[in-house]
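Notes to accompany the following structure.
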Amino acid sequence: LGRRVQAGCHCASLPAPAASAVSLMPELKVFRWSAIAAGVVGVLTYIICAGTTLATGAYIGGMSWPYFSETGREGATYFIFAIGLTSTAIGLGLTAVTFYLVLSDDGLAQAPRSLAYALLGCPCGGSAKERVANAAFKVCILSLPFMALLGWASTIVYPTVHDAGAYAFFVLQTIALALWTAANNMRSPSDRTKSDEASDGAASNQQRVRLARNVVAAVFLVNFILYLPVGLAVNCEWERLPMDKCIKEERLGEEYCKDRTLDSDVSKTKLWDYSDCLDTNNMRSITQFFTIVSILLFYCTVPFDSRWLAAVRSAPVGTTTTVPV
(Lines give C-alpha, C1' and ligand atoms only; values in the text may rest on other atoms or scores of the structure.)
Protein backbone atom coordinates (compact mmCIF):
# COMPACT_ATOMS: atom_id res chain seq x y z
CA LEU A 1 0.00 0.00 0.00
CA GLY A 2 1.17 3.53 -0.72
CA ARG A 3 2.06 5.75 2.23
CA ARG A 4 -0.48 8.46 2.92
CA VAL A 5 0.18 11.97 4.17
CA GLN A 6 -0.79 12.20 7.84
CA ALA A 7 -2.20 15.29 9.46
CA GLY A 8 0.49 17.76 10.40
CA CYS A 9 3.14 15.99 8.34
CA HIS A 10 4.62 17.43 5.17
CA CYS A 11 5.65 14.07 3.73
CA ALA A 12 4.93 13.56 0.07
CA SER A 13 2.60 10.68 -0.78
CA LEU A 14 4.53 7.95 -2.55
CA PRO A 15 3.09 5.63 -5.21
CA ALA A 16 2.24 2.08 -4.21
CA PRO A 17 4.33 -0.85 -5.48
CA ALA A 18 3.01 -3.34 -7.97
CA ALA A 19 0.53 -5.88 -6.65
CA SER A 20 2.28 -8.98 -7.96
CA ALA A 21 6.01 -8.78 -8.53
CA VAL A 22 8.52 -6.02 -9.16
CA SER A 23 12.15 -5.72 -10.24
CA LEU A 24 14.83 -6.38 -7.68
CA MET A 25 18.26 -4.77 -7.96
CA PRO A 26 21.09 -7.21 -8.68
CA GLU A 27 23.30 -4.91 -6.57
CA LEU A 28 21.81 -6.55 -3.48
CA LYS A 29 24.87 -8.77 -3.18
CA VAL A 30 27.15 -5.74 -2.99
CA PHE A 31 25.11 -4.32 -0.14
CA ARG A 32 25.02 -7.72 1.55
CA TRP A 33 28.79 -7.83 2.00
CA SER A 34 29.15 -4.20 3.09
CA ALA A 35 28.42 -5.15 6.72
CA ILE A 36 31.08 -7.86 6.73
CA ALA A 37 33.57 -5.51 5.07
CA ALA A 38 32.84 -2.77 7.62
CA GLY A 39 33.30 -5.21 10.48
CA VAL A 40 36.55 -6.62 9.10
CA VAL A 41 38.03 -3.17 8.36
CA GLY A 42 36.98 -1.86 11.77
CA VAL A 43 38.48 -4.82 13.65
CA LEU A 44 41.67 -4.77 11.58
CA THR A 45 42.07 -1.04 12.21
CA TYR A 46 41.76 -1.62 15.94
CA ILE A 47 44.15 -4.59 15.93
CA ILE A 48 46.80 -2.84 13.81
CA CYS A 49 46.68 0.45 15.71
CA ALA A 50 46.50 -1.05 19.21
CA GLY A 51 49.00 -3.78 18.37
CA THR A 52 51.50 -1.32 16.94
CA THR A 53 51.10 1.02 19.90
CA LEU A 54 51.61 -1.73 22.49
CA ALA A 55 54.41 -3.47 20.55
CA THR A 56 56.45 -0.28 20.12
CA GLY A 57 55.94 0.86 23.71
CA ALA A 58 54.33 4.12 22.63
CA TYR A 59 53.11 6.39 25.40
CA ILE A 60 49.49 5.66 26.38
CA GLY A 61 49.14 7.82 29.48
CA GLY A 62 50.18 5.12 31.92
CA MET A 63 47.15 2.93 31.17
CA SER A 64 47.10 -0.86 30.90
CA TRP A 65 44.90 -0.77 27.78
CA PRO A 66 44.87 2.36 25.60
CA TYR A 67 41.90 4.35 24.44
CA PHE A 68 41.36 3.61 20.76
CA SER A 69 41.99 7.27 19.95
CA GLU A 70 45.42 7.16 21.61
CA THR A 71 46.54 4.41 19.23
CA GLY A 72 46.05 6.63 16.19
CA ARG A 73 47.11 10.04 17.41
CA GLU A 74 50.36 10.36 15.42
CA GLY A 75 52.79 8.71 13.04
CA ALA A 76 51.86 5.94 10.64
CA THR A 77 49.03 4.71 12.86
CA TYR A 78 47.32 8.09 12.47
CA PHE A 79 46.68 7.44 8.77
CA ILE A 80 45.67 3.83 9.41
CA PHE A 81 43.29 5.04 12.10
CA ALA A 82 41.78 7.82 9.97
CA ILE A 83 41.44 5.80 6.76
CA GLY A 84 40.17 2.76 8.66
CA LEU A 85 37.43 4.69 10.46
CA THR A 86 36.39 6.49 7.27
CA SER A 87 36.18 3.21 5.35
CA THR A 88 34.23 1.60 8.19
CA ALA A 89 31.80 4.54 8.20
CA ILE A 90 31.15 4.06 4.47
CA GLY A 91 30.56 0.34 5.01
CA LEU A 92 28.16 1.02 7.87
CA GLY A 93 26.29 3.48 5.66
CA LEU A 94 25.73 0.79 3.02
CA THR A 95 24.74 -1.63 5.78
CA ALA A 96 22.18 0.86 7.07
CA VAL A 97 20.66 0.88 3.57
CA THR A 98 20.53 -2.92 3.67
CA PHE A 99 18.94 -3.03 7.11
CA TYR A 100 16.32 -0.46 6.18
CA LEU A 101 15.36 -2.40 3.05
CA VAL A 102 15.01 -5.55 5.15
CA LEU A 103 12.80 -3.87 7.74
CA SER A 104 10.70 -1.61 5.50
CA ASP A 105 7.27 -2.76 4.37
CA ASP A 106 8.20 -3.17 0.68
CA GLY A 107 11.92 -2.31 0.68
CA LEU A 108 13.22 -5.45 -0.98
CA ALA A 109 10.63 -5.20 -3.72
CA GLN A 110 11.00 -1.47 -4.37
CA ALA A 111 14.58 -0.77 -3.35
CA PRO A 112 15.14 2.57 -5.19
CA ARG A 113 11.75 3.93 -4.11
CA SER A 114 12.20 2.80 -0.50
CA LEU A 115 15.69 4.28 -0.28
CA ALA A 116 14.50 7.61 -1.69
CA TYR A 117 11.74 7.64 0.92
CA ALA A 118 14.20 6.79 3.70
CA LEU A 119 16.52 9.65 2.73
CA LEU A 120 13.97 12.34 1.85
CA GLY A 121 10.71 11.44 3.56
CA CYS A 122 9.91 12.04 7.20
CA PRO A 123 9.38 8.95 9.41
CA CYS A 124 5.63 9.29 9.68
CA GLY A 125 4.16 7.08 6.95
CA GLY A 126 3.55 3.36 6.69
CA SER A 127 3.38 0.90 9.57
CA ALA A 128 4.84 1.50 13.03
CA LYS A 129 7.77 -0.73 12.13
CA GLU A 130 8.33 1.30 8.95
CA ARG A 131 8.37 4.58 10.86
CA VAL A 132 10.81 3.30 13.49
CA ALA A 133 13.11 1.80 10.83
CA ASN A 134 13.01 5.08 8.90
CA ALA A 135 14.04 7.04 12.00
CA ALA A 136 16.79 4.50 12.77
CA PHE A 137 18.17 4.83 9.24
CA LYS A 138 18.33 8.62 9.44
CA VAL A 139 20.00 8.68 12.86
CA CYS A 140 22.53 6.03 11.78
CA ILE A 141 23.46 7.96 8.62
CA LEU A 142 23.74 11.18 10.66
CA SER A 143 26.26 9.55 13.02
CA LEU A 144 28.69 8.39 10.33
CA PRO A 145 30.33 11.73 9.40
CA PHE A 146 31.25 12.09 13.07
CA MET A 147 32.97 8.71 12.92
CA ALA A 148 35.14 9.90 10.04
CA LEU A 149 35.70 13.26 11.79
CA LEU A 150 37.08 11.71 14.99
CA GLY A 151 39.42 9.62 12.87
CA TRP A 152 41.04 12.62 11.18
CA ALA A 153 41.05 14.93 14.24
CA SER A 154 44.02 13.78 16.30
CA THR A 155 43.75 13.92 20.09
CA ILE A 156 46.94 15.97 20.35
CA VAL A 157 46.16 18.45 17.56
CA TYR A 158 42.36 18.88 17.67
CA PRO A 159 41.30 17.31 21.00
CA THR A 160 38.04 19.27 21.29
CA VAL A 161 36.95 18.37 17.76
CA HIS A 162 37.94 14.74 18.33
CA ASP A 163 35.99 14.47 21.59
CA ALA A 164 32.93 16.15 20.09
CA GLY A 165 33.00 13.77 17.13
CA ALA A 166 33.41 10.73 19.37
CA TYR A 167 30.59 11.70 21.73
CA ALA A 168 28.25 12.57 18.85
CA PHE A 169 28.97 9.27 17.10
CA PHE A 170 28.42 7.09 20.15
CA VAL A 171 25.28 8.92 21.33
CA LEU A 172 23.69 8.84 17.86
CA GLN A 173 24.60 5.18 17.42
CA THR A 174 22.99 4.43 20.79
CA ILE A 175 19.76 5.97 19.53
CA ALA A 176 20.08 4.22 16.17
CA LEU A 177 20.68 0.77 17.69
CA ALA A 178 17.73 1.22 20.04
CA LEU A 179 15.48 2.10 17.08
CA TRP A 180 16.87 -0.68 14.87
CA THR A 181 16.26 -3.19 17.67
CA ALA A 182 12.72 -1.94 18.25
CA ALA A 183 11.88 -2.12 14.53
CA ASN A 184 13.41 -5.59 14.27
CA ASN A 185 11.32 -6.82 17.21
CA MET A 186 8.17 -5.46 15.55
CA ARG A 187 8.57 -7.86 12.64
CA SER A 188 6.00 -10.59 12.20
CA PRO A 189 6.04 -13.85 10.21
CA SER A 190 4.19 -12.05 7.41
CA ASP A 191 7.34 -10.02 6.77
CA ARG A 192 8.99 -13.02 5.14
CA THR A 193 8.97 -13.47 1.40
CA LYS A 194 7.31 -16.54 -0.16
CA SER A 195 10.69 -18.03 -1.01
CA ASP A 196 11.69 -17.48 2.60
CA GLU A 197 8.55 -19.19 3.88
CA ALA A 198 9.28 -22.19 1.68
CA SER A 199 12.74 -22.63 3.15
CA ASP A 200 13.06 -25.12 5.98
CA GLY A 201 14.39 -23.48 9.09
CA ALA A 202 13.85 -19.90 7.86
CA ALA A 203 11.68 -19.06 10.86
CA SER A 204 14.18 -20.49 13.34
CA ASN A 205 17.00 -18.65 11.53
CA GLN A 206 15.08 -15.40 11.88
CA GLN A 207 14.58 -16.04 15.58
CA ARG A 208 18.30 -16.68 16.05
CA VAL A 209 19.21 -13.48 14.22
CA ARG A 210 16.69 -11.51 16.27
CA LEU A 211 18.04 -12.97 19.52
CA ALA A 212 21.62 -12.21 18.47
CA ARG A 213 20.73 -8.59 17.74
CA ASN A 214 18.95 -8.19 21.07
CA VAL A 215 21.89 -9.68 22.99
CA VAL A 216 24.47 -7.54 21.16
CA ALA A 217 22.33 -4.43 21.65
CA ALA A 218 22.10 -5.16 25.39
CA VAL A 219 25.86 -5.69 25.65
CA PHE A 220 26.40 -2.44 23.77
CA LEU A 221 24.06 -0.48 26.04
CA VAL A 222 25.71 -1.71 29.26
CA ASN A 223 29.19 -0.87 28.01
CA PHE A 224 28.12 2.47 26.56
CA ILE A 225 26.64 3.53 29.90
CA LEU A 226 29.83 2.56 31.75
CA TYR A 227 32.03 4.18 29.11
CA LEU A 228 30.36 7.58 28.69
CA PRO A 229 27.75 8.67 31.27
CA VAL A 230 29.14 6.76 34.25
CA GLY A 231 32.76 6.90 33.13
CA LEU A 232 32.78 10.65 32.64
CA ALA A 233 30.92 11.21 35.93
CA VAL A 234 33.40 9.26 38.08
CA ASN A 235 36.57 10.10 36.18
CA CYS A 236 38.90 12.88 37.28
CA GLU A 237 39.79 15.79 35.04
CA TRP A 238 42.31 14.92 32.36
CA GLU A 239 45.71 16.54 32.63
CA ARG A 240 48.40 17.24 30.05
CA LEU A 241 51.67 15.39 30.56
CA PRO A 242 54.21 17.79 32.14
CA MET A 243 57.40 18.37 30.17
CA ASP A 244 59.64 17.24 33.03
CA LYS A 245 57.70 14.02 33.49
CA CYS A 246 57.76 13.38 29.74
CA ILE A 247 61.55 13.65 29.63
CA LYS A 248 62.67 12.30 33.00
CA GLU A 249 60.03 9.81 34.13
CA GLU A 250 58.50 8.55 30.90
CA ARG A 251 61.86 8.92 29.09
CA LEU A 252 60.21 9.63 25.78
CA GLY A 253 63.17 11.67 24.59
CA GLU A 254 63.81 15.39 24.91
CA GLU A 255 63.32 16.04 21.21
CA TYR A 256 60.08 14.04 21.10
CA CYS A 257 58.66 15.84 24.14
CA LYS A 258 59.65 19.33 23.00
CA ASP A 259 58.15 18.71 19.56
CA ARG A 260 54.84 18.19 21.38
CA THR A 261 55.01 21.27 23.59
CA LEU A 262 51.58 22.68 24.45
CA ASP A 263 51.22 26.07 22.76
CA SER A 264 49.46 27.67 25.73
CA ASP A 265 51.87 26.30 28.38
CA VAL A 266 55.47 25.38 27.55
CA SER A 267 55.78 23.44 30.81
CA LYS A 268 53.35 20.85 29.45
CA THR A 269 53.09 18.64 26.39
CA LYS A 270 50.13 17.91 24.12
CA LEU A 271 50.09 14.33 25.43
CA TRP A 272 47.49 13.27 27.99
CA ASP A 273 48.41 11.92 31.43
CA TYR A 274 45.84 9.51 32.89
CA SER A 275 47.95 8.37 35.85
CA ASP A 276 45.89 10.24 38.47
CA CYS A 277 42.82 8.09 37.69
CA LEU A 278 44.18 4.87 36.24
CA ASP A 279 41.37 2.62 37.48
CA THR A 280 38.54 4.68 36.00
CA ASN A 281 40.40 5.33 32.76
CA ASN A 282 41.21 1.62 32.35
CA MET A 283 37.54 0.84 32.95
CA ARG A 284 36.55 3.37 30.31
CA SER A 285 39.07 2.09 27.75
CA ILE A 286 37.90 -1.51 28.20
CA THR A 287 34.20 -0.62 27.97
CA GLN A 288 35.01 1.57 24.96
CA PHE A 289 36.50 -1.51 23.30
CA PHE A 290 33.35 -3.58 23.89
CA THR A 291 31.16 -0.66 22.80
CA ILE A 292 32.98 -0.49 19.45
CA VAL A 293 32.92 -4.26 18.96
CA SER A 294 29.20 -4.38 19.80
CA ILE A 295 28.37 -1.80 17.15
CA LEU A 296 30.27 -3.75 14.50
CA LEU A 297 28.75 -7.09 15.57
CA PHE A 298 25.23 -5.65 15.51
CA TYR A 299 25.52 -4.55 11.89
CA CYS A 300 27.30 -7.78 10.91
CA THR A 301 24.05 -9.66 11.65
CA VAL A 302 22.29 -7.93 8.75
CA PRO A 303 23.59 -10.20 5.92
CA PHE A 304 22.30 -13.25 7.80
CA ASP A 305 18.70 -12.05 7.92
CA SER A 306 16.50 -14.76 6.37
CA ARG A 307 14.45 -12.25 4.36
CA TRP A 308 17.61 -10.71 2.94
CA LEU A 309 19.17 -14.08 2.17
CA ALA A 310 16.04 -15.18 0.29
CA ALA A 311 16.13 -12.04 -1.87
CA VAL A 312 19.86 -12.21 -2.56
CA ARG A 313 19.77 -15.88 -3.53
CA SER A 314 17.11 -15.10 -6.09
CA ALA A 315 19.18 -12.28 -7.65
CA PRO A 316 22.23 -13.69 -9.49
CA VAL A 317 24.90 -11.20 -10.43
CA GLY A 318 24.23 -9.62 -13.80
CA THR A 319 20.51 -10.41 -13.82
CA THR A 320 17.33 -8.80 -12.66
CA THR A 321 14.85 -10.97 -10.85
CA THR A 322 11.64 -10.53 -8.91
CA VAL A 323 10.34 -11.18 -5.45
CA PRO A 324 6.73 -11.48 -4.29
CA VAL A 325 5.19 -8.44 -2.58
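Chains: A, B, ... in order of the C-alpha coordinates. Residues: from 1 per chain. Ligands: from 1, in order shown.
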### Message
DSSP on the backbone: which residues in segment 130-230 of chain A end up as alpha helix (DSSP H)? Give the answer as number ranges by chain.
### Response
A: 130-152, 159-185, 194-197, 202-225
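Here the question is which of A:Gly165, A:Gly151, A:Pro242, A:Gly72 gets nearest to Lys258 of chain A using only C-alpha atoms, and that residue is A:Pro242.
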### Query
Of the candidates A:Ala128, A:Phe170, A:Leu252, A:Pro303, which shows the shortest atom-to-atom distance to Pro229 of chain A, using only C-alpha atoms?
A:Phe170
